[in-house]
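Participant: Take this structure first; my questions come after.
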4 protein chains.
Amino acid sequence: MTRGTIGVAILGATGYGGQELFRLLAGHPVFRVVHAGSRTHAGREVAEVLPQLAGFFRGLRFAAAEAELPAEAQAAFLAAPHGVARALWPGLVAQRPDLRVVDLSADFRLRDRAAFDAHYGGEHPSFAATREFVYGIPETNREAIAKARNVANPGCFATGAVLALAPLAEAGLLRGDVALAATTGSSGSGAEPKEGTHHPERAQDMRAYKVLEHQHLPEIEQELRRLGNPAPFELAMVPQSGPFSRGIFTVAQLRVAEGVDAPALYARRYARETFVRVRSGSPALRHVARTNFCDVAVTQKGTRAVVLTALDNLGKGMSGQAIQNLNLMFGLEEGLGLLAPGANP
Amino acid sequence: MTRGTIGVAILGATGYGGQELFRLLAGHPVFRVVHAGSRTHAGREVAEVLPQLAGFFRGLRFAAAEAELPAEAQAAFLAAPHGVARALWPGLVAQRPDLRVVDLSADFRLRDRAAFDAHYGGEHPSFAATREFVYGIPETNREAIAKARNVANPGCFATGAVLALAPLAEAGLLRGDVALAATTGSSGSGAEPKEGTHHPERAQDMRAYKVLEHQHLPEIEQELRRLGNPAPFELAMVPQSGPFSRGIFTVAQLRVAEGVDAPALYARRYARETFVRVRSGSPALRHVARTNFCDVAVTQKGTRAVVLTALDNLGKGMSGQAIQNLNLMFGLEEGLGLLAPGANP
Amino acid sequence: MTRGTIGVAILGATGYGGQELFRLLAGHPVFRVVHAGSRTHAGREVAEVLPQLAGFFRGLRFAAAEAELPAEAQAAFLAAPHGVARALWPGLVAQRPDLRVVDLSADFRLRDRAAFDAHYGGEHPSFAATREFVYGIPETNREAIAKARNVANPGCFATGAVLALAPLAEAGLLRGDVALAATTGSSGSGAEPKEGTHHPERAQDMRAYKVLEHQHLPEIEQELRRLGNPAPFELAMVPQSGPFSRGIFTVAQLRVAEGVDAPALYARRYARETFVRVRSGSPALRHVARTNFCDVAVTQKGTRAVVLTALDNLGKGMSGQAIQNLNLMFGLEEGLGLLAPGANP
Amino acid sequence: MTRGTIGVAILGATGYGGQELFRLLAGHPVFRVVHAGSRTHAGREVAEVLPQLAGFFRGLRFAAAEAELPAEAQAAFLAAPHGVARALWPGLVAQRPDLRVVDLSADFRLRDRAAFDAHYGGEHPSFAATREFVYGIPETNREAIAKARNVANPGCFATGAVLALAPLAEAGLLRGDVALAATTGSSGSGAEPKEGTHHPERAQDMRAYKVLEHQHLPEIEQELRRLGNPAPFELAMVPQSGPFSRGIFTVAQLRVAEGVDAPALYARRYARETFVRVRSGSPALRHVARTNFCDVAVTQKGTRAVVLTALDNLGKGMSGQAIQNLNLMFGLEEGLGLLAPGANP
């Protein structure tokens, strides 16, 4: 297959998820952006609205959010906020039943309506369609993704937490209390300026928020339970805001049964995964920033285990993973367009 | 008492602990810096070596580290690195038996020789003298400090963790696993440039280090056990490095017994403490940076409790607390020279 | 005079100018905040709205913006945005003809109506009153300030630029092109989140804005010309946004006549100024952040001269200087409440 | 030509210049790193020493600095510090006369021995060889580079300044005083921790250094004069250190003759350059970080002109440009391996 043979659309193209999709797709050898929908910038050139893209995507203009997809679009990334994707999706698939969809919002991630309502709320006219969506972490769900027409791309905290715990869950070794403390960069709050991302106050700050009640907790639990762990376990999560723009650093503290060798388990489990790299000591956010990698390190003392993961919330935690999913959905090599190393400084 | 009536010495005066002592003592109404010892800058003016002090401490020059204290020095802050304080102290007290000493290093904090050796090591010719030192967190140990001649000023992580757990420990409610995840600013690594504090790599990074084996763990345990908790508890700590210069943000996750109302307990316990402020939701590092405050917030869901503390590693976590201790040791008002609010941006 | 004997009001108290006034006045030995006006927070406790002030200003609640000043208020800081001060002031002085006013906005700084309209615009019902205001840089205008009832506190860029050029202007040595390139921290944009201060985009960015047309240029020129320079000179300014929260770093490049020794001139001129410190090489923002100091350095090669100034845009560039002015207006020692050194890390 | 058909060597491979070469060459379609020389890490795997490269360059180990190049190496990047390249080069070309060399150091940039000695000094056994080196800014020197065997890659400040002034110089319009004020990120100081890049002090700081005497000034002048400007002009430069890790933001202030339309001149001159993008208002560092772009904006008022450039000091200011040069030297498309857009957050 040669460069740009599969047309893709980005809907909700000017949020940070959309901007990162553009950045990554500028160099993708197979996917070509043929449509970009935006509620606020319809008619304007992409590179004029998003100046970091000057020189790229020449001639591409934003279409209105509701504009029909061009015939050449075989897939769509829904990069709109929660609440918008659920409204857009039914029309899209009615229009184009063969379309592959990767939804970056939370609208189709949760199977449990009560959990969804508690955390996201609002009308959800197409909640039943959630069953048609496959949860999109390739490392835990690769085969289902490859066959899926619709993928619900996970939350950024969820990706870090699931990859931190999946090897234990798959081995049926997760049990008891699991204490998660995870720190996110400011881009996780989106492209809209807010109090919590006001530079004078964020630049050297650290604080927690939504303590024990972050909305990604249900999807983490749902995915870990799907992996078949028999013993009961209880997750708690303390999300924190850090003074960096990109990245999520996750600390998971838990007990394992006597005899379990967690470091060895993780080394084995992730040995063949391209995008999960096992580190000694600790991963570092700077090495995964602007990449699709999730770096992992495991420390164990007796039955006490600590798993650390580091990823870019807009990369492996969002748009990078969305492309990884779409690669799989088209039978392409999973890492296509995503295999660039990070920088050190 | 009027301004500057008690002479104090700072030994090891050019590290960050010493620099912060100068900053705070510049405005102290009773303590006056009459002597500053430095191994590397003897003979030079203080404000020439530490340019942020230009206009202050006029005429004060660094003395050699071993120089005798002037007669007017009634107290000494030992702000030298671990290993140096233990060598300096015996000579100081031999010379001046009535001297009040606050040691900012770890040399006299631990009663357990094995724990000390495991984490700090080296010769310790005066380890027995540890018994003459009182552990210096005023909020848990005020009376002993007020009577002490020698105070071992706590580590920065230790201050954040002890203040996060002391109300439970004092009430005998600490039990089971306590998972600590704490993030420090770069000034915690000291004034000497190092790989881990190299700006190009630290500026947007986050990572963990010394996972489950940080040297402050023994002093946290020692102090919490001293507070008389009957039930067994086990602390684990994951120290992290954040991309800010000042502050420690601590997350403590644990279970409490049915019926315990942790938020109410903390509100009551800290109601009369000037320097521990109970917050709702989460404290924020920016509000305590460059202050002597430790802000605390408690969240509870069922038996799951989360305690968050935020402090400045050089303030309440080091030099601010050292001055608070010395205020007490001289029968002064505890907050003298320390009662300035933080800034928001 | 003892602590807190002069009552002062802060109007527009929740912007960054107001917040910094609170921070500094918390420790002022003579001024006591007896009134705080806020359009949006009337009725709420100060320390609840501004959590960094927890423990300070107990019992003080925000009054409505238009509320009458209490009798004990002998002075008012107008810390409201441009456009609001001009509307507030006439009512204030009608109500209290003896009130001392320091206005932090630009509303009463410019004598030239055309320049004012070009940069600030809008209705200005009390523009004629500008003549009753004295421009408030103590180092260039101390005597007039001491006698003034109304002071127009300068802009942050203006303070840095005037202090960079005043010694030459006073000596009549300013001539030809003066190229100013100055970089401001993000707090200069105010407390309201905006695109330009959105952390994910500001954190590692640098850019210029309002190139050659910044609104502080006319007040810089006005003040320098007032100082009596006979030769013509032309200022140009390139304002830049830097990824730090506090500070303005100014570079002034110009030619001096043969024989002029600029470094000696500055050393002499500023030798007796408490808040202007002459440095060798370069000043550093970190040493003046959260202080009232403006540090200056001068380099000369032949007739080419470079003057550098560093100050805190909320300190000497705003609220610190406002307090310095009010100290003078009450015949107090100029540095009262402002003489704290900066920190190094 | 297919992926990896031209073998290249990196000598001095673990500095930031070398690290960035690795990052960029990981995705280069023609160049393949076949040799990496390091004084300190000989024998170790590249991705073990440089953990951001985990998963890339599998099997490649560092060779000793003096190790002979493998036969397949047709080109070498000298990424060693100043002083080392000059010692290495004679041996390299003796060994392999057909080798293409791009030297990232300053050792072969200057034709004027006195200027070289004044700024870099030390023995320079091969200074005469400087004549065999072509100065490597493709936008001003493309044809000579394409024919060259040896290219002296420019300094980072120099690239920003030359691209800011070249259109005027080429048009013979540069004259009078040119005031440069440029701010560099911390990675410009190299991979070795130093006082000036110590995070606690750099994180929120700004300061100037080497005022009017930066070592890049002579090469800027040399290149601008080579472009044939007839009128005399005088450059002055104030280098500043900013609290970001990557980037150089340059402000050039100057006068142009009546009638000159600088914005139009720049728009025309750079219209066909892939890597120089003309912006309105101001470029922004964040949009060029980690790219090979230099963004430019020009503002003019009467005869006063301001030119702003933004580039990444390790990208277009160093390793990106080095690859751009080598592409040209092999007759490849200039942008090969370099055409990735920047990110916004």
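All residue names refer to the structure tokens as shown: chains lettered A, B, ... in order, residues numbered from 1 in each chain, ligands numbered from 1 in order.
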I need the contact residues of chain B against chain A, so if you could list those with any atom within 8 Å, counting only C-alpha atoms, and return them as a VMD selection string, that would help.
Facilitator: chain B and resid 179 181 200 to 201 203 to 212 238 242 to 246 249 251 253 281 to 286 299 301 306 344 to 345
Participant: Could you give me, as a list in words, each residue of segment 45-176 of chain B that DSSP assigns to strand (DSSP E or B) when run on this structure's backbone?
Facilitator: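 Checking each residue of segment 45-176 of chain B, the strand (DSSP E or B) ones are Glu45, Arg61, Phe62, Ala63, Ala73, Gln74, Ala75, Ala76, Phe77, Leu78, Arg100, Val101, Val102, Asp103, Phe133, Val134, Tyr135, Asn150, Val151, Ala152 and Gly176 of chain B.
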Participant: So how far away is atom CA of Val276 of chain C from atom CA of Pro167 of chain C, in Å?
Facilitator: 11.9 Å
Participant: Can you list, as a VMD selection string, every residue of segment 87-216 of chain C that DSSP puts in alpha helix (DSSP H)?
Facilitator: chain C and resid 87 to 95 113 to 119 138 to 147 156 to 170 199 to 202
Participant: Would you put the residues from that selection into a file with C-alpha atoms, as a PDB file, in the first residue's frame?
Facilitator:
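Done, and the output landed in out.pdb:
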```
ATOM      1  CA  ALA C  87     -15.184  55.571  36.932  1.00  0.00           C
ATOM      2  CA  LEU C  88     -14.520  54.941  40.624  1.00  0.00           C
ATOM      3  CA  TRP C  89     -12.152  57.779  41.429  1.00  0.00           C
ATOM      4  CA  PRO C  90     -14.445  60.820  41.165  1.00  0.00           C
ATOM      5  CA  GLY C  91     -16.911  59.282  43.606  1.00  0.00           C
ATOM      6  CA  LEU C  92     -14.150  58.361  46.036  1.00  0.00           C
ATOM      7  CA  VAL C  93     -12.683  61.833  46.267  1.00  0.00           C
ATOM      8  CA  ALA C  94     -16.108  63.436  46.417  1.00  0.00           C
ATOM      9  CA  GLN C  95     -16.883  61.176  49.361  1.00  0.00           C
ATOM     10  CA  ARG C 113      -5.118  62.467  25.516  1.00  0.00           C
ATOM     11  CA  ALA C 114      -4.351  61.235  21.995  1.00  0.00           C
ATOM     12  CA  ALA C 115      -1.840  58.706  23.260  1.00  0.00           C
ATOM     13  CA  PHE C 116      -4.308  57.594  25.916  1.00  0.00           C
ATOM     14  CA  ASP C 117      -7.095  57.138  23.422  1.00  0.00           C
ATOM     15  CA  ALA C 118      -4.872  55.290  20.988  1.00  0.00           C
ATOM     16  CA  HIS C 119      -3.862  52.709  23.565  1.00  0.00           C
ATOM     17  CA  PRO C 138       9.938  56.951  43.694  1.00  0.00           C
ATOM     18  CA  GLU C 139      13.436  56.731  42.269  1.00  0.00           C
ATOM     19  CA  THR C 140      12.706  59.442  39.692  1.00  0.00           C
ATOM     20  CA  ASN C 141       9.906  61.362  41.354  1.00  0.00           C
ATOM     21  CA  ARG C 142      10.240  60.965  45.112  1.00  0.00           C
ATOM     22  CA  GLU C 143       9.513  64.489  46.243  1.00  0.00           C
ATOM     23  CA  ALA C 144       6.398  64.957  44.184  1.00  0.00           C
ATOM     24  CA  ILE C 145       5.061  61.621  45.384  1.00  0.00           C
ATOM     25  CA  ALA C 146       5.642  62.542  49.010  1.00  0.00           C
ATOM     26  CA  LYS C 147       3.430  65.581  48.561  1.00  0.00           C
ATOM     27  CA  CYS C 156       5.284  47.027  34.813  1.00  0.00           C
ATOM     28  CA  PHE C 157       7.159  47.354  31.514  1.00  0.00           C
ATOM     29  CA  ALA C 158       7.358  51.097  32.138  1.00  0.00           C
ATOM     30  CA  THR C 159       9.044  50.660  35.514  1.00  0.00           C
ATOM     31  CA  GLY C 160      11.695  48.390  34.023  1.00  0.00           C
ATOM     32  CA  ALA C 161      12.325  50.689  31.090  1.00  0.00           C
ATOM     33  CA  VAL C 162      12.337  53.970  33.026  1.00  0.00           C
ATOM     34  CA  LEU C 163      14.746  52.609  35.624  1.00  0.00           C
ATOM     35  CA  ALA C 164      16.918  51.332  32.763  1.00  0.00           C
ATOM     36  CA  LEU C 165      17.131  54.744  31.133  1.00  0.00           C
ATOM     37  CA  ALA C 166      16.553  57.368  33.827  1.00  0.00           C
ATOM     38  CA  PRO C 167      20.213  57.912  34.764  1.00  0.00           C
ATOM     39  CA  LEU C 168      21.028  58.728  31.138  1.00  0.00           C
ATOM     40  CA  ALA C 169      17.927  60.876  30.716  1.00  0.00           C
ATOM     41  CA  GLU C 170      18.576  62.838  33.913  1.00  0.00           C
ATOM     42  CA  HIS C 199      -0.416  26.476  30.528  1.00  0.00           C
ATOM     43  CA  PRO C 200      -0.068  23.721  27.908  1.00  0.00           C
ATOM     44  CA  GLU C 201       0.932  26.347  25.354  1.00  0.00           C
ATOM     45  CA  ARG C 202       2.786  28.804  27.553  1.00  0.00           C
TER      46      ARG C 202
END
```
Participant: I'd like the contact shell of Ile6 of chain B - 9 Å cut-off, only C-alpha atoms, skipping same-chain residues fewer than 3 positions apart - returned as a list in words.
Facilitator: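 In the requested form, the answer reads Arg3, Val30, Phe31, Arg32, Val33, Glu72, Ala73, Gln74 and Ala75 of chain B.
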Participant: Please produce a file of the residues just selected, as a PDB file, in the first residue's frame, where the atoms kept are C-alpha atoms.
Facilitator:
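Saved file part32.pdb follows:
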```pdb
ATOM      1  CA  ARG B   3      15.094  43.159  67.116  1.00  0.00           C
ATOM      2  CA  VAL B  30      14.731  38.499  67.610  1.00  0.00           C
ATOM      3  CA  PHE B  31      17.358  36.298  66.006  1.00  0.00           C
ATOM      4  CA  ARG B  32      20.339  38.022  64.436  1.00  0.00           C
ATOM      5  CA  VAL B  33      22.840  36.165  62.273  1.00  0.00           C
ATOM      6  CA  GLU B  72      27.215  36.472  71.091  1.00  0.00           C
ATOM      7  CA  ALA B  73      26.089  33.322  69.272  1.00  0.00           C
ATOM      8  CA  GLN B  74      23.597  31.621  71.554  1.00  0.00           C
ATOM      9  CA  ALA B  75      22.396  29.150  68.967  1.00  0.00           C
TER      10      ALA B  75
END
```
